[in-house]
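Participant: File follows, target_31.cif with mmCIF, C-alpha atoms:
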data_protein
#
loop_
_atom_site.label_atom_id
_atom_site.label_comp_id
_atom_site.auth_asym_id
_atom_site.auth_seq_id
_atom_site.Cartn_x
_atom_site.Cartn_y
_atom_site.Cartn_z
CA MET A 16 -21.87 -20.50 -5.15
CA MET A 17 -21.76 -16.94 -6.46
CA THR A 18 -19.00 -14.62 -5.32
CA PRO A 19 -20.47 -11.72 -3.29
CA ARG A 20 -20.15 -8.36 -5.05
CA ILE A 21 -19.85 -5.09 -3.14
CA ARG A 22 -20.05 -1.61 -4.62
CA ALA A 23 -17.58 1.02 -3.52
CA GLU A 24 -18.71 4.61 -2.97
CA LEU A 25 -16.89 7.90 -3.34
CA ALA A 26 -15.13 8.97 -0.13
CA VAL A 27 -13.04 11.96 -1.23
CA GLU A 28 -13.01 13.41 -4.72
CA ARG A 29 -9.40 13.93 -5.74
CA HIS A 30 -7.80 13.73 -9.16
CA CYS A 31 -4.68 11.86 -8.13
CA GLU A 32 -2.40 10.95 -10.99
CA LEU A 33 -1.21 7.97 -8.96
CA GLY A 34 -3.02 7.62 -5.65
CA GLU A 35 -1.13 5.10 -3.51
CA GLY A 36 0.06 4.01 -0.07
CA PRO A 37 -3.04 4.50 2.13
CA GLN A 38 -2.18 4.27 5.83
CA TRP A 39 -4.45 4.57 8.88
CA HIS A 40 -3.04 6.58 11.79
CA ALA A 41 -5.13 5.53 14.80
CA ALA A 42 -3.59 8.07 17.21
CA THR A 43 -4.69 11.06 15.11
CA GLY A 44 -7.78 9.50 13.52
CA ARG A 45 -6.47 10.28 10.04
CA LEU A 46 -6.13 8.26 6.88
CA TYR A 47 -3.13 9.35 4.80
CA TRP A 48 -2.46 8.57 1.14
CA CYS A 49 -0.06 9.82 -1.51
CA ASP A 50 -0.26 11.09 -5.05
CA ILE A 51 3.18 9.88 -6.07
CA LEU A 52 3.46 11.70 -9.38
CA ALA A 53 1.94 14.99 -8.19
CA ARG A 54 4.13 14.99 -5.05
CA ARG A 55 1.27 15.43 -2.62
CA LEU A 56 0.22 13.86 0.67
CA HIS A 57 -3.54 13.76 1.29
CA TRP A 58 -5.48 13.03 4.46
CA LEU A 59 -9.03 12.31 5.61
CA ALA A 60 -10.50 12.27 9.11
CA PRO A 61 -13.35 9.73 8.68
CA SER A 62 -15.10 10.74 11.91
CA THR A 63 -15.64 14.35 10.77
CA GLY A 64 -15.15 14.23 7.00
CA ALA A 65 -12.36 16.83 7.23
CA THR A 66 -9.69 16.60 4.54
CA GLY A 67 -6.40 18.25 3.73
CA GLN A 68 -3.17 17.91 1.79
CA HIS A 69 0.53 18.73 1.94
CA ALA A 70 2.77 19.63 -0.99
CA LEU A 71 6.05 17.67 -1.04
CA ASP A 72 9.32 18.37 -2.80
CA HIS A 73 9.87 14.83 -4.10
CA ARG A 74 7.89 11.74 -5.05
CA VAL A 75 6.60 9.91 -1.97
CA SER A 76 4.73 6.60 -2.10
CA LEU A 77 3.96 5.97 1.60
CA ALA A 78 3.55 7.87 4.87
CA ALA A 79 3.84 5.34 7.68
CA PRO A 80 2.60 6.37 11.16
CA LEU A 81 5.15 7.04 13.89
CA ALA A 82 4.59 7.74 17.57
CA GLY A 83 3.56 11.29 18.44
CA GLY A 84 1.61 11.88 15.22
CA GLU A 85 4.65 12.07 12.95
CA LEU A 86 5.03 10.11 9.70
CA LEU A 87 7.86 8.33 7.96
CA LEU A 88 7.85 9.41 4.32
CA VAL A 89 9.07 6.74 1.91
CA GLY A 90 10.41 8.76 -1.00
CA GLU A 91 12.02 8.17 -4.36
CA ASP A 92 15.55 8.55 -2.97
CA ARG A 93 15.23 9.01 0.80
CA LEU A 94 13.35 8.14 3.96
CA SER A 95 12.30 11.16 6.04
CA ARG A 96 10.49 12.00 9.25
CA PHE A 97 7.58 14.40 8.60
CA ASP A 98 5.53 16.43 11.08
CA PRO A 99 2.13 17.15 9.46
CA HIS A 100 1.38 19.89 12.00
CA ASP A 101 4.21 22.24 11.03
CA GLY A 102 5.49 20.66 7.81
CA ARG A 103 8.95 20.00 9.22
CA VAL A 104 10.90 17.33 7.31
CA GLU A 105 14.01 15.55 8.61
CA LYS A 106 15.93 13.22 6.30
CA LEU A 107 16.80 9.95 8.03
CA LEU A 108 18.63 7.91 5.38
CA ASP A 109 19.10 7.42 1.66
CA PHE A 110 16.93 4.99 -0.30
CA GLU A 111 18.52 3.97 -3.62
CA ALA A 112 19.76 7.56 -3.87
CA ASP A 113 22.56 6.39 -6.18
CA ASN A 114 20.10 4.92 -8.69
CA PRO A 115 18.28 7.59 -10.76
CA VAL A 116 16.24 4.93 -12.55
CA THR A 117 14.14 3.92 -9.53
CA ARG A 118 11.63 5.33 -7.07
CA SER A 119 9.85 3.92 -4.03
CA ASN A 120 6.61 2.00 -4.49
CA ASP A 121 4.72 -0.25 -2.05
CA GLY A 122 5.19 -0.68 1.70
CA ARG A 123 3.63 -1.87 4.95
CA VAL A 124 4.62 -2.26 8.61
CA ASP A 125 4.98 -5.88 9.74
CA ARG A 126 3.89 -7.49 13.02
CA HIS A 127 7.24 -6.53 14.61
CA GLY A 128 6.96 -2.81 13.88
CA SER A 129 9.42 -2.99 10.97
CA LEU A 130 8.70 -1.54 7.54
CA TRP A 131 8.86 -3.61 4.37
CA LEU A 132 9.19 -1.34 1.33
CA SER A 133 9.91 -1.69 -2.35
CA SER A 134 11.45 0.15 -5.27
CA MET A 135 10.68 0.03 -8.99
CA GLY A 136 11.84 1.68 -12.18
CA LYS A 137 10.24 5.05 -12.86
CA GLU A 138 9.25 3.69 -16.26
CA ALA A 139 8.64 0.16 -14.88
CA GLU A 140 11.95 -1.02 -16.29
CA PRO A 141 12.05 -4.85 -16.09
CA GLY A 142 13.96 -6.16 -13.09
CA ALA A 143 14.88 -2.71 -11.74
CA GLY A 144 12.97 -3.10 -8.47
CA SER A 145 13.87 -4.51 -5.07
CA LEU A 146 12.24 -5.44 -1.78
CA TYR A 147 13.63 -4.19 1.56
CA ARG A 148 13.03 -4.35 5.30
CA LEU A 149 13.69 -1.35 7.57
CA HIS A 150 14.29 -2.94 10.96
CA ARG A 151 15.19 -0.70 13.93
CA GLY A 152 16.62 1.94 11.64
CA GLU A 153 18.70 -0.40 9.46
CA LEU A 154 17.73 -1.03 5.84
CA THR A 155 18.26 -4.55 4.47
CA ARG A 156 17.63 -5.62 0.87
CA LEU A 157 15.62 -8.85 0.79
CA ARG A 158 15.12 -9.44 -2.92
CA THR A 159 16.21 -7.95 -6.26
CA GLY A 160 15.26 -8.35 -9.92
CA LEU A 161 11.60 -7.37 -9.45
CA THR A 162 9.71 -5.12 -11.84
CA ILE A 163 6.73 -3.72 -9.89
CA PRO A 164 6.82 -5.11 -6.32
CA ASN A 165 3.44 -4.71 -4.65
CA ALA A 166 0.88 -6.28 -2.26
CA ILE A 167 3.19 -6.31 0.78
CA CYS A 168 1.14 -7.78 3.66
CA PHE A 169 1.54 -9.92 6.77
CA SER A 170 -0.52 -12.65 8.41
CA PRO A 171 -2.07 -11.85 11.82
CA ASP A 172 0.37 -14.16 13.62
CA GLY A 173 3.38 -12.88 11.70
CA GLU A 174 4.07 -16.31 10.26
CA PHE A 175 3.91 -15.22 6.62
CA ALA A 176 4.48 -12.23 4.36
CA TRP A 177 2.81 -11.76 0.98
CA PHE A 178 4.02 -9.77 -2.01
CA THR A 179 3.69 -9.76 -5.79
CA ASP A 180 5.62 -8.66 -8.81
CA THR A 181 2.64 -7.13 -10.61
CA VAL A 182 3.78 -8.15 -14.09
CA THR A 183 3.69 -11.87 -13.13
CA GLY A 184 0.05 -11.93 -12.01
CA VAL A 185 1.05 -14.14 -9.07
CA VAL A 186 0.91 -13.36 -5.33
CA MET A 187 3.77 -14.96 -3.41
CA ARG A 188 3.83 -16.11 0.22
CA TRP A 189 7.04 -16.05 2.25
CA ALA A 190 7.53 -17.84 5.57
CA LEU A 191 9.02 -15.67 8.35
CA ASP A 192 11.03 -16.48 11.47
CA HIS A 193 10.18 -15.35 15.00
CA GLU A 194 11.80 -11.95 14.35
CA GLY A 195 10.03 -11.41 11.04
CA TRP A 196 12.91 -12.25 8.69
CA PRO A 197 12.24 -14.38 5.58
CA LEU A 198 12.94 -18.10 5.64
CA GLY A 199 14.03 -19.81 2.42
CA GLU A 200 12.36 -18.88 -0.86
CA PRO A 201 8.82 -17.51 -1.34
CA THR A 202 6.21 -19.81 -2.85
CA HIS A 203 3.37 -19.26 -5.31
CA TRP A 204 0.16 -18.63 -3.36
CA ALA A 205 -2.47 -17.09 -5.67
CA ASP A 206 -2.50 -16.74 -9.46
CA VAL A 207 -4.77 -13.91 -10.66
CA SER A 208 -3.31 -13.75 -14.15
CA GLY A 209 -6.58 -15.15 -15.47
CA THR A 210 -8.48 -12.02 -14.41
CA SER A 211 -8.70 -8.83 -16.44
CA GLY A 212 -6.51 -6.94 -13.98
CA HIS A 213 -3.04 -6.96 -12.48
CA PRO A 214 -2.28 -7.43 -8.76
CA ASP A 215 -1.40 -4.17 -7.05
CA GLY A 216 -1.64 -3.12 -3.38
CA ALA A 217 -3.22 -5.28 -0.67
CA VAL A 218 -4.22 -5.38 2.99
CA VAL A 219 -5.12 -8.19 5.43
CA ASP A 220 -8.34 -8.24 7.48
CA ALA A 221 -8.97 -9.49 11.03
CA GLU A 222 -9.77 -12.98 9.69
CA GLY A 223 -6.43 -13.23 7.92
CA TYR A 224 -7.94 -12.87 4.43
CA LEU A 225 -6.19 -10.67 1.87
CA TRP A 226 -7.90 -7.82 -0.03
CA LEU A 227 -6.08 -7.25 -3.32
CA ALA A 228 -6.49 -4.37 -5.78
CA LEU A 229 -6.67 -5.44 -9.43
CA TRP A 230 -5.27 -2.58 -11.50
CA GLY A 231 -7.07 -2.29 -14.81
CA ALA A 232 -10.07 -4.38 -13.72
CA GLY A 233 -11.80 -1.83 -11.47
CA GLN A 234 -11.95 -4.37 -8.65
CA VAL A 235 -10.62 -5.23 -5.23
CA VAL A 236 -10.93 -8.95 -4.48
CA ARG A 237 -10.88 -10.85 -1.20
CA LEU A 238 -8.71 -13.98 -1.13
CA ASP A 239 -9.20 -16.73 1.45
CA HIS A 240 -6.42 -18.64 3.20
CA ASP A 241 -5.90 -20.79 0.10
CA GLY A 242 -5.72 -17.83 -2.28
CA HIS A 243 -9.21 -18.27 -3.75
CA ILE A 244 -11.38 -15.23 -4.58
CA VAL A 245 -14.38 -15.19 -2.21
CA ALA A 246 -15.65 -11.59 -2.62
CA GLU A 247 -15.32 -8.70 -5.08
CA ILE A 248 -15.58 -4.94 -4.71
CA GLU A 249 -16.62 -3.11 -7.87
CA LEU A 250 -15.41 0.46 -8.47
CA PRO A 251 -16.56 3.02 -11.08
CA VAL A 252 -12.92 3.46 -12.16
CA THR A 253 -10.51 0.99 -13.72
CA GLN A 254 -7.31 1.62 -11.77
CA PRO A 255 -7.61 0.85 -8.04
CA SER A 256 -4.14 0.79 -6.50
CA CYS A 257 -4.32 -0.13 -2.82
CA PRO A 258 -6.92 -0.81 -0.07
CA VAL A 259 -6.66 -0.10 3.67
CA PHE A 260 -8.99 -0.47 6.64
CA ALA A 261 -9.64 2.77 8.52
CA GLY A 262 -11.97 4.27 11.10
CA LYS A 263 -12.11 3.96 14.89
CA ASN A 264 -12.86 0.23 14.70
CA LEU A 265 -11.22 -0.36 11.29
CA GLU A 266 -14.74 -0.95 10.06
CA ARG A 267 -14.50 0.38 6.49
CA LEU A 268 -12.22 -0.39 3.55
CA TYR A 269 -10.80 2.63 1.70
CA ILE A 270 -9.29 2.32 -1.77
CA THR A 271 -6.89 4.63 -3.60
CA THR A 272 -7.10 4.95 -7.39
CA ALA A 273 -5.20 6.56 -10.28
CA ARG A 274 -5.59 8.53 -13.51
CA GLU A 275 -2.11 7.67 -14.79
CA SER A 276 -1.99 6.46 -18.42
CA LEU A 277 -5.72 7.05 -19.06
CA ASP A 278 -6.47 8.89 -22.31
CA ASP A 279 -9.11 11.60 -22.76
CA ALA A 280 -11.82 9.12 -23.70
CA ALA A 281 -11.14 6.95 -20.66
CA LEU A 282 -11.14 9.97 -18.34
CA ALA A 283 -14.44 11.16 -19.81
CA ALA A 284 -15.92 7.72 -19.09
CA GLN A 285 -14.59 7.63 -15.52
CA PRO A 286 -14.41 11.21 -14.23
CA LEU A 287 -13.77 10.00 -10.66
CA ALA A 288 -10.49 8.31 -11.59
CA GLY A 289 -7.90 9.23 -8.97
CA ALA A 290 -10.44 9.62 -6.16
CA LEU A 291 -10.53 7.83 -2.80
CA PHE A 292 -13.33 5.26 -2.47
CA VAL A 293 -14.82 3.37 0.47
CA ALA A 294 -16.75 0.13 0.91
CA ASP A 295 -18.53 -1.64 3.77
CA VAL A 296 -17.24 -5.19 3.51
CA GLY A 297 -18.73 -6.88 6.59
CA VAL A 298 -15.40 -7.55 8.28
CA THR A 299 -13.00 -5.36 10.25
CA GLY A 300 -9.36 -4.70 9.58
CA LEU A 301 -6.27 -5.93 11.36
CA ALA A 302 -4.61 -3.30 13.55
CA GLU A 303 -1.02 -2.71 12.47
CA PRO A 304 1.83 -1.79 14.85
CA LEU A 305 3.41 1.62 14.76
CA LEU A 306 6.70 1.71 12.90
CA ARG A 307 9.68 1.45 15.25
CA LEU A 308 12.87 3.22 14.16
CA THR A 309 14.96 2.09 17.15
#
Let me see the file written as structure tokens.
Facilitator:
Amino acid sequence: MMTPRIRAELAVERHCELGEGPQWHAATGRLYWCDILARRLHWLAPSTGATGQHALDHRVSLAAPLAGGELLLVGEDRLSRFDPHDGRVEKLLDFEADNPVTRSNDGRVDRHGSLWLSSMGKEAEPGAGSLYRLHRGELTRLRTGLTIPNAICFSPDGEFAWFTDTVTGVVMRWALDHEGWPLGEPTHWADVSGTSGHPDGAVVDAEGYLWLALWGAGQVVRLDHDGHIVAEIELPVTQPSCPVFAGKNLERLYITTARESLDDAALAAQPLAGALFVADVGVTGLAEPLLRLT
């Protein structure tokens, strides 16, 4: 049986050095994503096509929705509350502020309204990264010794978390307790090291299947409950970084991409590198809780 192939289309033309961290904010009808290296926060209102951006004073990898339209910015050395209407920023707590080697990377809100987030070396230094959980305002380190922690996702029932260390090519699954804390050690779930790409960001759909960006392969793949690839999205750029479902009914899959590390010849061949793309995938997304800080 052939794996279905879907073509992604251009949604917003941006030249992000490192587009990352797409998050859907249902209350405002906006999709937010970051250009980590350029220190910018972008947004799209899918219902109208309106777009905008905010300049930031530090590298931010994620803007998680909070109640009242505010966002929690996950930055290279701090977590901050951000009001996109007036640009007001309020620092909440440090995030590896004593480690100049690292910056923030991937993140997603779990089924309990807590944020899982990761750090990595600014030059992808081996073993410099960690995985954390921000639960009711308290930050707990869950795992250390990672290089590029990515693909943080959660099953619809909150029974499992997924994550990867990109350099391994393996997606891990971690059992969770009734409060969303990890149980025991994570287990190997899906090995994509045989593909031409590397596992990056991911999101779970309403059927509990995982959509995984393959950096370097120009693809986002859909993995079934056993970790097998059952669908592929093809992009006209090689470096997709993270997918997210957005829109009133979470009916479309948006994908951030990057220009980072591409030489002049590669950029000439893929002039849309760094743009935001969208695909109709025939399944809706899984609504995620708002982040709870208390």
Participant: Would you list the contacts of A:Trp58 as a list in words, taking every protein, DNA or RNA residue within 9 Å and counting all atoms listed in the file, but skipping same-chain residues closer than 4 positions in sequence?
Facilitator: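 In the requested form, the answer reads Arg45, Leu46, Tyr47, Trp48, Cys49, Ala65, Thr66, Gly67, Gln68 and His69 of chain A.
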Participant: I would like the residues chosen by the PyMOL selection byres ((chain A and resi 137) around 9) on the shown file; could you give them as a ChimeraX atom specification?
Facilitator: /A:115-119,135-136,138-140
Participant: A:Ala246, A:Ala79, A:Met187, A:Ala176: which is nearest A:Arg22, counting all atoms listed in the file?
Facilitator: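 Between A:Ala246, A:Ala79, A:Met187, A:Ala176, the residue approaching A:Arg22 most closely is A:Ala246.
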Participant: Residues picked by the PyMOL selection byres ((chain A and resi 188) around 12) here, as a VMD selection string?
Facilitator: chain A and resid 166 to 170 173 to 180 185 to 187 189 to 191 197 to 206 225 240 to 242
Participant: Using all atoms listed in the file, which of A:Val259, A:Leu132, A:Val124, A:Leu291 sits nearest A:Phe110?
Facilitator: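 When distances to A:Phe110 are compared using all atoms listed in the file, the smallest one comes from A:Leu132.
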Participant: Mind pulling up the distance from atom CA of A:Arg123 to atom CA of A:Ala232?
Facilitator: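 Distance reported for this atom pair: 23.3 Å.
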Participant: Find, counting only C-alpha atoms, the residue in A:Arg307, A:Arg54, A:Lys106, A:Arg126 that gets nearest to A:Pro80.
Facilitator: A:Arg307
Participant: What would the selection look like, as a PyMOL selection string, if the PyMOL selection byres ((chain A and resi 28) around 8) were run on the coordinates I just shared?
Facilitator: chain A and resi 25-27+29-30+287+289-291
Participant: Taking (5.4, -4.0, 10.9) in the file's coordinates as the center, which residues reach within 9 Å of it, counting only C-alpha atoms, put as a list in words?
Facilitator: Arg123, Val124, Asp125, Arg126, His127, Gly128, Ser129, Leu130, Trp131, His150, Phe169, Gly195, Glu303, Pro304, Leu305, Leu306 and Arg307 of chain A
Participant: For A:Thr181, which of A:Glu194, A:Asp121, A:Glu247, A:Glu222 is the closest residue, counting only C-alpha atoms?
Facilitator: A:Asp121
Participant: What gap, in Å, lies between atom CA of A:Ile244 and atom CA of A:Leu227?
Facilitator: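 It comes out at 9.7 Å.
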Participant: In Å, how far is it from atom CA of A:Ser211 to atom CA of A:Val236?
Facilitator: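 Result for atom CA of A:Ser211 versus atom CA of A:Val236: 12.2 Å, one decimal.
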Participant: Nearest residue to A:Gln254 out of A:Leu94, A:Ala288, A:Ala280, A:Ala82, using all atoms listed in the file?
Facilitator: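 Nearest to A:Gln254: A:Ala288.
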Participant: I want to know what sits within 12 Å of stretch 264-267 of chain A, based on only C-alpha atoms, with residues of the same chain fewer than 4 positions away left out; could you give that as a PyMOL selection string?
Facilitator: chain A and resi 23-24+26+38-41+44-46+61-62+218-221+258-260+292-303
Participant: Excluding A:Gly90 and residues on its chain fewer than 4 positions from it, collect all residues at most 10 Å away from it, counting all atoms listed in the file, and give them as JSON, numbers by chain.
Facilitator: {"A": [51, 54, 71, 72, 73, 74, 75, 76, 77, 78, 94, 95, 109, 110, 111, 112, 118, 119, 120, 134]}
Participant: So that I have them on file, write out the residues from the current selection with C-alpha atoms, as a PDB file, in the coordinates of the input.
Facilitator:
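And here's selection.pdb as it stands now:
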ATOM      1  CA  ILE A  51       3.180   9.880  -6.070  1.00  0.00           C
ATOM      2  CA  ARG A  54       4.130  14.990  -5.050  1.00  0.00           C
ATOM      3  CA  LEU A  71       6.050  17.670  -1.040  1.00  0.00           C
ATOM      4  CA  ASP A  72       9.320  18.370  -2.800  1.00  0.00           C
ATOM      5  CA  HIS A  73       9.870  14.830  -4.100  1.00  0.00           C
ATOM      6  CA  ARG A  74       7.890  11.740  -5.050  1.00  0.00           C
ATOM      7  CA  VAL A  75       6.600   9.910  -1.970  1.00  0.00           C
ATOM      8  CA  SER A  76       4.730   6.600  -2.100  1.00  0.00           C
ATOM      9  CA  LEU A  77       3.960   5.970   1.600  1.00  0.00           C
ATOM     10  CA  ALA A  78       3.550   7.870   4.870  1.00  0.00           C
ATOM     11  CA  LEU A  94      13.350   8.140   3.960  1.00  0.00           C
ATOM     12  CA  SER A  95      12.300  11.160   6.040  1.00  0.00           C
ATOM     13  CA  ASP A 109      19.100   7.420   1.660  1.00  0.00           C
ATOM     14  CA  PHE A 110      16.930   4.990  -0.300  1.00  0.00           C
ATOM     15  CA  GLU A 111      18.520   3.970  -3.620  1.00  0.00           C
ATOM     16  CA  ALA A 112      19.760   7.560  -3.870  1.00  0.00           C
ATOM     17  CA  ARG A 118      11.630   5.330  -7.070  1.00  0.00           C
ATOM     18  CA  SER A 119       9.850   3.920  -4.030  1.00  0.00           C
ATOM     19  CA  ASN A 120       6.610   2.000  -4.490  1.00  0.00           C
ATOM     20  CA  SER A 134      11.450   0.150  -5.270  1.00  0.00           C
TER      21      SER A 134
END
Participant: Could you check the closest approach to A:Arg274 for each of A:Gly231, A:Asp101, A:Ala261, A:Gly184 and tell me which residue wins, using only C-alpha atoms?
Facilitator: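 Of A:Gly231, A:Asp101, A:Ala261, A:Gly184, the one nearest A:Arg274, counting only C-alpha atoms, is A:Gly231.
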